[in-house]
file entry13.cif (mmCIF, C-alpha atoms)
data_target
loop_
_atom_site.label_atom_id
_atom_site.label_comp_id
_atom_site.auth_asym_id
_atom_site.auth_seq_id
_atom_site.Cartn_x
_atom_site.Cartn_y
_atom_site.Cartn_z
CA MET A 11 50.09 62.97 91.72
CA PRO A 12 52.01 59.70 92.29
CA HIS A 13 53.42 57.98 89.21
CA ASN A 14 54.37 54.35 88.83
CA ASP A 15 57.99 53.34 88.35
CA ALA A 16 57.56 52.71 84.61
CA ASP A 17 56.26 56.28 84.00
CA LEU A 18 59.09 57.81 85.99
CA ILE A 19 61.73 55.68 84.26
CA ARG A 20 60.29 56.57 80.83
CA ARG A 21 60.55 60.30 81.68
CA ILE A 22 64.15 59.89 82.83
CA ARG A 23 65.14 57.95 79.72
CA GLN A 24 63.36 60.21 77.23
CA ASP A 25 63.84 63.66 78.75
CA ASP A 26 66.54 63.27 81.41
CA ASP A 27 63.81 64.36 83.80
CA GLN A 28 65.61 64.76 87.12
CA GLN A 29 62.38 65.45 89.00
CA ALA A 30 61.23 61.98 88.00
CA PHE A 31 64.46 60.56 89.34
CA ALA A 32 64.00 62.52 92.57
CA ALA A 33 60.63 60.79 92.95
CA LEU A 34 62.29 57.37 92.56
CA VAL A 35 64.95 58.28 95.15
CA ALA A 36 62.28 59.43 97.59
CA ARG A 37 60.33 56.23 97.00
CA TYR A 38 63.20 53.79 97.57
CA GLN A 39 65.73 55.59 99.78
CA SER A 40 64.41 54.22 103.05
CA ARG A 41 64.29 50.58 101.98
CA LEU A 42 67.69 50.70 100.29
CA ARG A 43 69.41 52.53 103.15
CA TYR A 44 67.89 50.14 105.68
CA SER A 45 69.13 47.17 103.63
CA LEU A 46 72.62 48.62 103.42
CA ARG A 47 72.66 49.27 107.14
CA GLN A 48 71.79 45.64 107.73
CA LEU A 49 74.57 44.58 105.37
CA THR A 50 77.23 46.84 106.93
CA GLY A 51 76.53 46.08 110.58
CA HIS A 52 74.55 49.32 110.92
CA ASP A 53 77.42 51.54 109.85
CA GLU A 54 75.16 54.43 108.87
CA ALA A 55 77.79 56.59 107.18
CA LEU A 56 79.07 53.71 105.09
CA ALA A 57 75.54 52.55 104.25
CA ASP A 58 74.55 56.06 103.11
CA ASP A 59 77.70 56.41 100.99
CA LEU A 60 76.91 53.10 99.30
CA ALA A 61 73.27 54.11 98.83
CA GLN A 62 74.32 57.39 97.18
CA GLU A 63 76.72 55.55 94.91
CA THR A 64 73.94 53.11 94.02
CA PHE A 65 71.46 55.84 93.06
CA LEU A 66 74.05 57.74 91.03
CA LYS A 67 74.97 54.60 89.09
CA ALA A 68 71.29 53.84 88.58
CA TYR A 69 70.78 57.31 87.09
CA ARG A 70 73.79 57.04 84.80
CA ASN A 71 72.76 53.58 83.58
CA MET A 72 69.01 54.13 83.36
CA ARG A 73 69.08 53.52 79.62
CA SER A 74 70.33 49.98 80.19
CA PHE A 75 67.37 49.16 82.47
CA ARG A 76 65.16 46.50 80.89
CA ALA A 77 61.51 47.50 80.97
CA ASP A 78 60.41 43.96 81.84
CA ALA A 79 62.46 43.91 85.07
CA ARG A 80 61.44 45.26 88.47
CA PHE A 81 63.20 48.56 89.21
CA PHE A 82 63.71 47.54 92.84
CA THR A 83 65.48 44.31 91.80
CA TRP A 84 67.67 46.23 89.36
CA LEU A 85 68.52 48.77 92.09
CA TYR A 86 69.65 45.95 94.37
CA ARG A 87 71.78 44.54 91.59
CA ILE A 88 73.66 47.86 91.44
CA ALA A 89 73.77 48.09 95.24
CA TRP A 90 75.29 44.63 95.45
CA ARG A 91 78.07 45.62 93.04
CA CYS A 92 78.82 48.69 95.20
CA VAL A 93 78.89 46.56 98.37
CA ALA A 94 81.05 43.87 96.76
CA ASP A 95 83.48 46.50 95.41
CA TYR A 96 83.72 48.10 98.82
CA TYR A 97 84.54 44.84 100.63
CA ARG A 98 86.96 43.81 97.89
CA ARG A 99 88.92 46.99 98.55
CA GLN A 100 89.12 46.31 102.31
CA ARG A 101 92.00 44.38 103.83
CA PRO A 102 90.85 41.36 105.84
CA ASP A 103 92.22 42.81 109.08
CA GLN A 104 90.07 45.92 108.58
CA LEU A 105 86.88 43.89 108.57
CA THR A 106 85.41 43.84 112.04
CA ILE A 107 81.94 43.52 113.43
CA THR A 108 80.80 47.11 113.78
CA GLN A 109 79.77 48.28 117.20
CA ILE A 110 76.11 49.10 116.83
CA ASP A 111 74.91 52.29 118.43
CA GLU A 112 71.70 51.19 120.08
CA ASN A 113 70.79 54.70 121.14
CA LEU A 114 69.99 55.85 117.63
CA PRO A 115 66.96 58.10 118.07
CA GLU A 116 65.57 57.39 114.63
CA ASN A 117 65.04 53.71 115.21
CA GLU A 118 61.83 53.82 117.16
CA SER A 119 60.66 50.39 116.13
CA PRO A 120 59.48 48.34 119.10
CA ASP A 121 61.62 45.51 117.74
CA ARG A 122 64.79 47.54 117.36
CA ASP A 123 66.83 45.07 119.42
CA LEU A 124 65.79 42.33 117.04
CA HIS A 125 66.87 44.47 114.06
CA PHE A 126 70.25 45.16 115.66
CA ASP A 127 70.78 41.53 116.67
CA PHE A 128 69.91 40.36 113.17
CA ALA A 129 72.36 42.89 111.65
CA ARG A 130 75.01 41.67 114.08
CA ALA A 131 74.30 38.05 113.15
CA LEU A 132 74.59 38.87 109.44
CA MET A 133 78.10 40.24 110.03
CA HIS A 134 79.24 36.68 110.79
CA PHE A 135 78.81 35.84 107.10
CA GLU A 136 80.79 36.72 104.01
CA PRO A 137 79.28 39.69 102.11
CA GLN A 138 77.72 37.56 99.36
CA GLN A 139 76.01 35.18 101.78
CA ARG A 140 74.95 38.17 103.90
CA MET A 141 73.23 39.70 100.87
CA VAL A 142 71.56 36.39 100.02
CA LEU A 143 70.17 35.99 103.54
CA HIS A 144 68.97 39.60 103.70
CA LEU A 145 67.18 39.39 100.36
CA HIS A 146 65.73 35.97 101.20
CA LEU A 147 64.53 36.65 104.74
CA GLN A 148 63.91 40.39 104.88
CA ARG A 149 63.04 41.27 101.29
CA GLU A 150 61.37 37.98 100.30
CA PHE A 151 63.11 37.91 96.92
CA THR A 152 62.74 34.59 95.12
CA GLN A 153 65.86 32.46 94.75
CA ALA A 154 65.89 33.24 91.01
CA GLU A 155 65.71 36.98 91.73
CA ILE A 156 68.57 36.71 94.21
CA ALA A 157 70.66 34.84 91.63
CA GLU A 158 69.91 37.65 89.16
CA VAL A 159 70.84 40.37 91.66
CA LEU A 160 74.12 38.69 92.55
CA ASP A 161 74.77 37.44 89.04
CA CYS A 162 75.59 33.97 90.37
CA PRO A 163 74.27 30.42 89.79
CA LEU A 164 70.97 29.43 91.38
CA GLY A 165 72.74 26.53 93.11
CA THR A 166 75.02 28.96 94.94
CA VAL A 167 72.00 30.87 96.22
CA LYS A 168 70.30 27.69 97.42
CA SER A 169 73.44 26.55 99.19
CA HIS A 170 73.94 29.96 100.85
CA ILE A 171 70.35 29.93 102.06
CA ARG A 172 70.50 26.37 103.45
CA ARG A 173 73.78 26.86 105.31
CA GLY A 174 72.96 30.42 106.29
CA ARG A 175 69.66 29.46 107.87
CA ASP A 176 71.39 26.74 109.91
CA LYS A 177 73.93 29.22 111.23
CA LEU A 178 71.37 31.97 111.84
CA ARG A 179 69.25 29.62 113.95
CA VAL A 180 72.23 29.24 116.28
CA LEU A 181 73.21 32.92 116.25
CA LEU A 182 69.65 33.99 117.06
CA ALA A 183 68.97 31.23 119.58
CA ASP A 184 68.08 33.79 122.26
CA TRP A 185 65.12 35.02 120.25
CA GLN A 186 62.10 32.85 121.04
CA LEU A 187 59.16 34.24 119.10
CA MET B 3 64.79 21.23 113.22
CA ASN B 4 61.33 22.14 111.89
CA ALA B 5 60.56 24.09 115.04
CA ASP B 6 63.84 25.96 114.61
CA ASN B 7 62.99 26.68 110.98
CA ASP B 8 59.60 28.01 112.02
CA ARG B 9 61.24 30.19 114.64
CA LEU B 10 63.59 31.70 112.05
CA ASN B 11 60.63 32.32 109.72
CA ARG B 12 58.78 34.06 112.55
CA ILE B 13 61.84 36.22 113.25
CA ALA B 14 62.07 37.16 109.58
CA ALA B 15 58.35 37.99 109.48
CA ARG B 16 58.70 40.18 112.58
CA LEU B 17 61.67 41.97 111.02
CA ARG B 18 59.69 42.70 107.86
CA GLN B 19 56.64 43.94 109.76
CA SER B 20 58.60 46.24 112.06
CA GLU B 21 61.11 47.59 109.58
CA PRO B 22 61.71 51.23 110.56
CA GLU B 23 61.32 54.05 108.04
CA VAL B 24 64.74 55.64 107.56
CA PRO B 25 64.20 59.42 107.65
CA ASP B 26 65.47 61.20 104.55
CA ARG B 27 67.33 63.99 106.43
CA GLY B 28 68.84 65.51 103.31
CA PHE B 29 69.84 62.21 101.71
CA SER B 30 67.74 62.74 98.55
CA ASN B 31 69.05 66.29 98.14
CA ALA B 32 72.62 65.04 98.44
CA VAL B 33 71.98 62.49 95.70
CA MET B 34 70.29 65.02 93.42
CA ALA B 35 73.13 67.53 93.93
CA GLN B 36 75.58 65.01 92.48
CA LEU B 37 73.65 64.26 89.31
CA PRO B 38 75.24 65.43 86.08
CA THR B 39 73.65 68.45 84.40
CA ALA B 40 70.65 67.40 82.37
CA ARG B 41 71.69 66.72 78.78
CA GLN B 42 68.36 67.80 77.32
CA LEU B 43 66.13 70.79 77.82
CA PRO B 44 62.60 70.09 79.15
CA VAL B 45 60.14 69.11 76.43
CA TRP B 46 58.04 72.30 76.61
CA ILE B 47 61.10 74.53 76.21
CA ARG B 48 62.33 72.44 73.28
CA ASN B 49 58.95 72.69 71.55
CA THR B 50 58.69 76.43 72.16
CA LEU B 51 62.20 77.01 70.80
CA LEU B 52 61.43 74.86 67.79
CA LEU B 53 58.23 76.73 67.01
CA ALA B 54 59.90 80.12 67.45
CA ALA B 55 62.86 79.10 65.26
CA THR B 56 60.49 77.82 62.56
CA MET B 57 58.49 81.05 62.55
CA LEU B 58 61.65 83.17 62.44
CA GLY B 59 62.98 81.10 59.59
CA ALA B 60 59.75 81.47 57.64
CA VAL B 61 59.67 85.25 58.16
CA ALA B 62 63.32 85.55 57.18
CA ALA B 63 62.70 83.55 54.00
CA ALA B 64 59.65 85.65 53.08
CA ALA B 65 61.64 88.87 53.67
CA GLN B 66 64.09 87.84 50.95
CA LEU B 67 61.38 88.22 48.30
CA PRO B 68 60.74 91.62 46.69
CA PRO B 69 57.38 93.24 47.70
CA GLY B 70 54.42 91.55 46.07
CA THR B 71 56.51 88.73 44.70
CA PHE B 72 55.16 86.21 47.16
CA PHE B 73 51.77 86.07 45.45
CA GLU B 74 53.35 86.08 41.99
CA VAL B 75 55.40 83.06 43.01
CA LEU B 76 52.23 81.38 44.23
CA GLU B 77 50.57 81.99 40.84
CA LEU B 78 53.62 80.64 39.04
CA ILE B 79 53.52 77.50 41.15
CA GLY B 80 49.80 77.28 40.37
CA ASP B 81 48.17 73.97 41.32
CA ASN B 82 51.23 72.81 43.26
CA ALA B 83 51.21 75.77 45.67
CA GLN B 84 50.23 73.69 48.71
CA LEU B 85 52.89 71.12 47.97
CA ALA B 86 55.56 73.79 47.56
CA LEU B 87 54.53 75.51 50.79
CA ALA B 88 54.65 72.19 52.66
CA ALA B 89 58.11 71.46 51.27
CA ALA B 90 59.34 74.91 52.30
CA ALA B 91 57.90 74.51 55.82
CA GLY B 92 59.54 71.08 56.06
CA TRP B 93 62.87 72.52 55.03
CA VAL B 94 62.64 75.29 57.66
CA TYR B 95 61.59 72.74 60.31
CA ALA B 96 64.55 70.49 59.48
CA ALA B 97 66.91 73.46 59.61
CA SER B 98 65.52 74.43 63.03
CA LEU B 99 65.98 70.87 64.32
CA ALA B 100 69.57 70.88 63.11
CA SER B 101 70.19 74.24 64.82
CA LEU B 102 68.79 72.92 68.11
CA TRP B 103 70.93 69.79 67.86
CA PHE B 104 73.97 71.97 67.26
CA VAL B 105 73.15 74.24 70.24
CA ARG B 106 72.68 71.22 72.56
CA ARG B 107 76.04 69.78 71.50
#
call {"tool": "encode", "arguments": {"input": "entry13.cif", "output": "structure tokens"}}
result
Amino acid sequence: MPHNDADLIRRIRQDDDQQAFAALVARYQSRLRYSLRQLTGHDEALADDLAQETFLKAYRNMRSFRADARFFTWLYRIAWRCVADYYRRQRPDQLTITQIDENLPENESPDRDLHFDFARALMHFEPQQRMVLHLHLQREFTQAEIAEVLDCPLGTVKSHIRRGRDKLRVLLADWQL
Amino acid sequence: MNADNDRLNRIAARLRQSEPEVPDRGFSNAVMAQLPTARQLPVWIRNTLLLAATMLGAVAAAAQLPPGTFFEVLELIGDNAQLALAAAAGWVYAASLASLWFVRR
């Protein structure tokens, strides 16, 4: 029987119920891993490592989750910290635009080229702006939610969105939908 | 500019609609395998242990009394028998809770 997030979180907090946590992982793994693939230029191994780290941190810090927040938003807040930490550890010369393997059998979406091109376009931005654009355009987070996820001023989010959209229009000029 | 904005919004909408499902392929199991051992026992086991410990404690306490003394004690207590029994049960329950806490630590 499916349970809502609040029930599952209550069971984890009260009883350390790992089956409840397994249900949350199953519910959100696809969306989170897809997001992290978009943010890492479709580096699947890196995205999955970051997703694992995110879920483990979420489990360890479940008691600090505020009941009035959305679990998904909170999960992205943790994911962003993992992504930011990862890129902070990288030397600038190690940061390249990942070659995307377009023959991935699991991506059977009819618009897979669009997904790959969008991921490629995102890699032209700094990690923080990349996250802002992904959450704004692909996850439809509000600007306030994005500011909360990134723990940054609302003005920064607005500025990232305005400039990012301008640049994305150019980078995706070949896509006429 | 507006046409370009609309085009970007259409692209974003298409991306959202056609987002592929990422197959689990052992990802969830890998996450679960890395979780720390649960700090607490499941609720039903805790309750069963508590009940069993309480019953054992009560039997052990009753066994300390010489044969037939139990009812004599009840007569001595007289009108306050129920209160005394409740206090004794409470004491055994608290002792059981403390034992469980100690075992979990």
call {"tool": "residues_around", "arguments": {"input": "entry13.cif", "residues": "region 68-71 of chain A", "least_positions_apart": "5", "cutoff": "9 Å", "atoms": "only C-alpha atoms", "output": "ChimeraX atom specification"}}
result
/A:22,31,63,84-85,88 /B:37-38
call {"tool": "resolve_selection", "arguments": {"input": "entry13.cif", "expression": "the PyMOL selection byres ((chain A and resi 179-182) around 9)", "output": "JSON, numbers by chain"}}
result
{"A": [127, 128, 131, 134, 174, 175, 176, 177, 178, 183, 184, 185, 186], "B": [6, 7, 9, 10, 13]}
call {"tool": "closest_residue", "arguments": {"input": "entry13.cif", "among": "A:Ala79, A:Glu158, A:Leu164, A:Asp121", "to": "Ser20 (chain B)", "atoms": "all atoms listed in the file"}}
result
A:Asp121
call {"tool": "interface_residues", "arguments": {"input": "entry13.cif", "of": "chain B", "to": "chain A", "cutoff": "9 Å", "atoms": "only C-alpha atoms", "output": "PyMOL selection string"}}
result
chain B and resi 6-7+9-18+20-26+29-34+36-38+40-45
call {"tool": "residues_around", "arguments": {"input": "entry13.cif", "residues": "region 53-61 of chain B", "least_positions_apart": "5", "cutoff": "8 Å", "atoms": "all atoms listed in the file", "output": "JSON, numbers by chain"}}
result
{"B": [91, 94, 95, 98]}
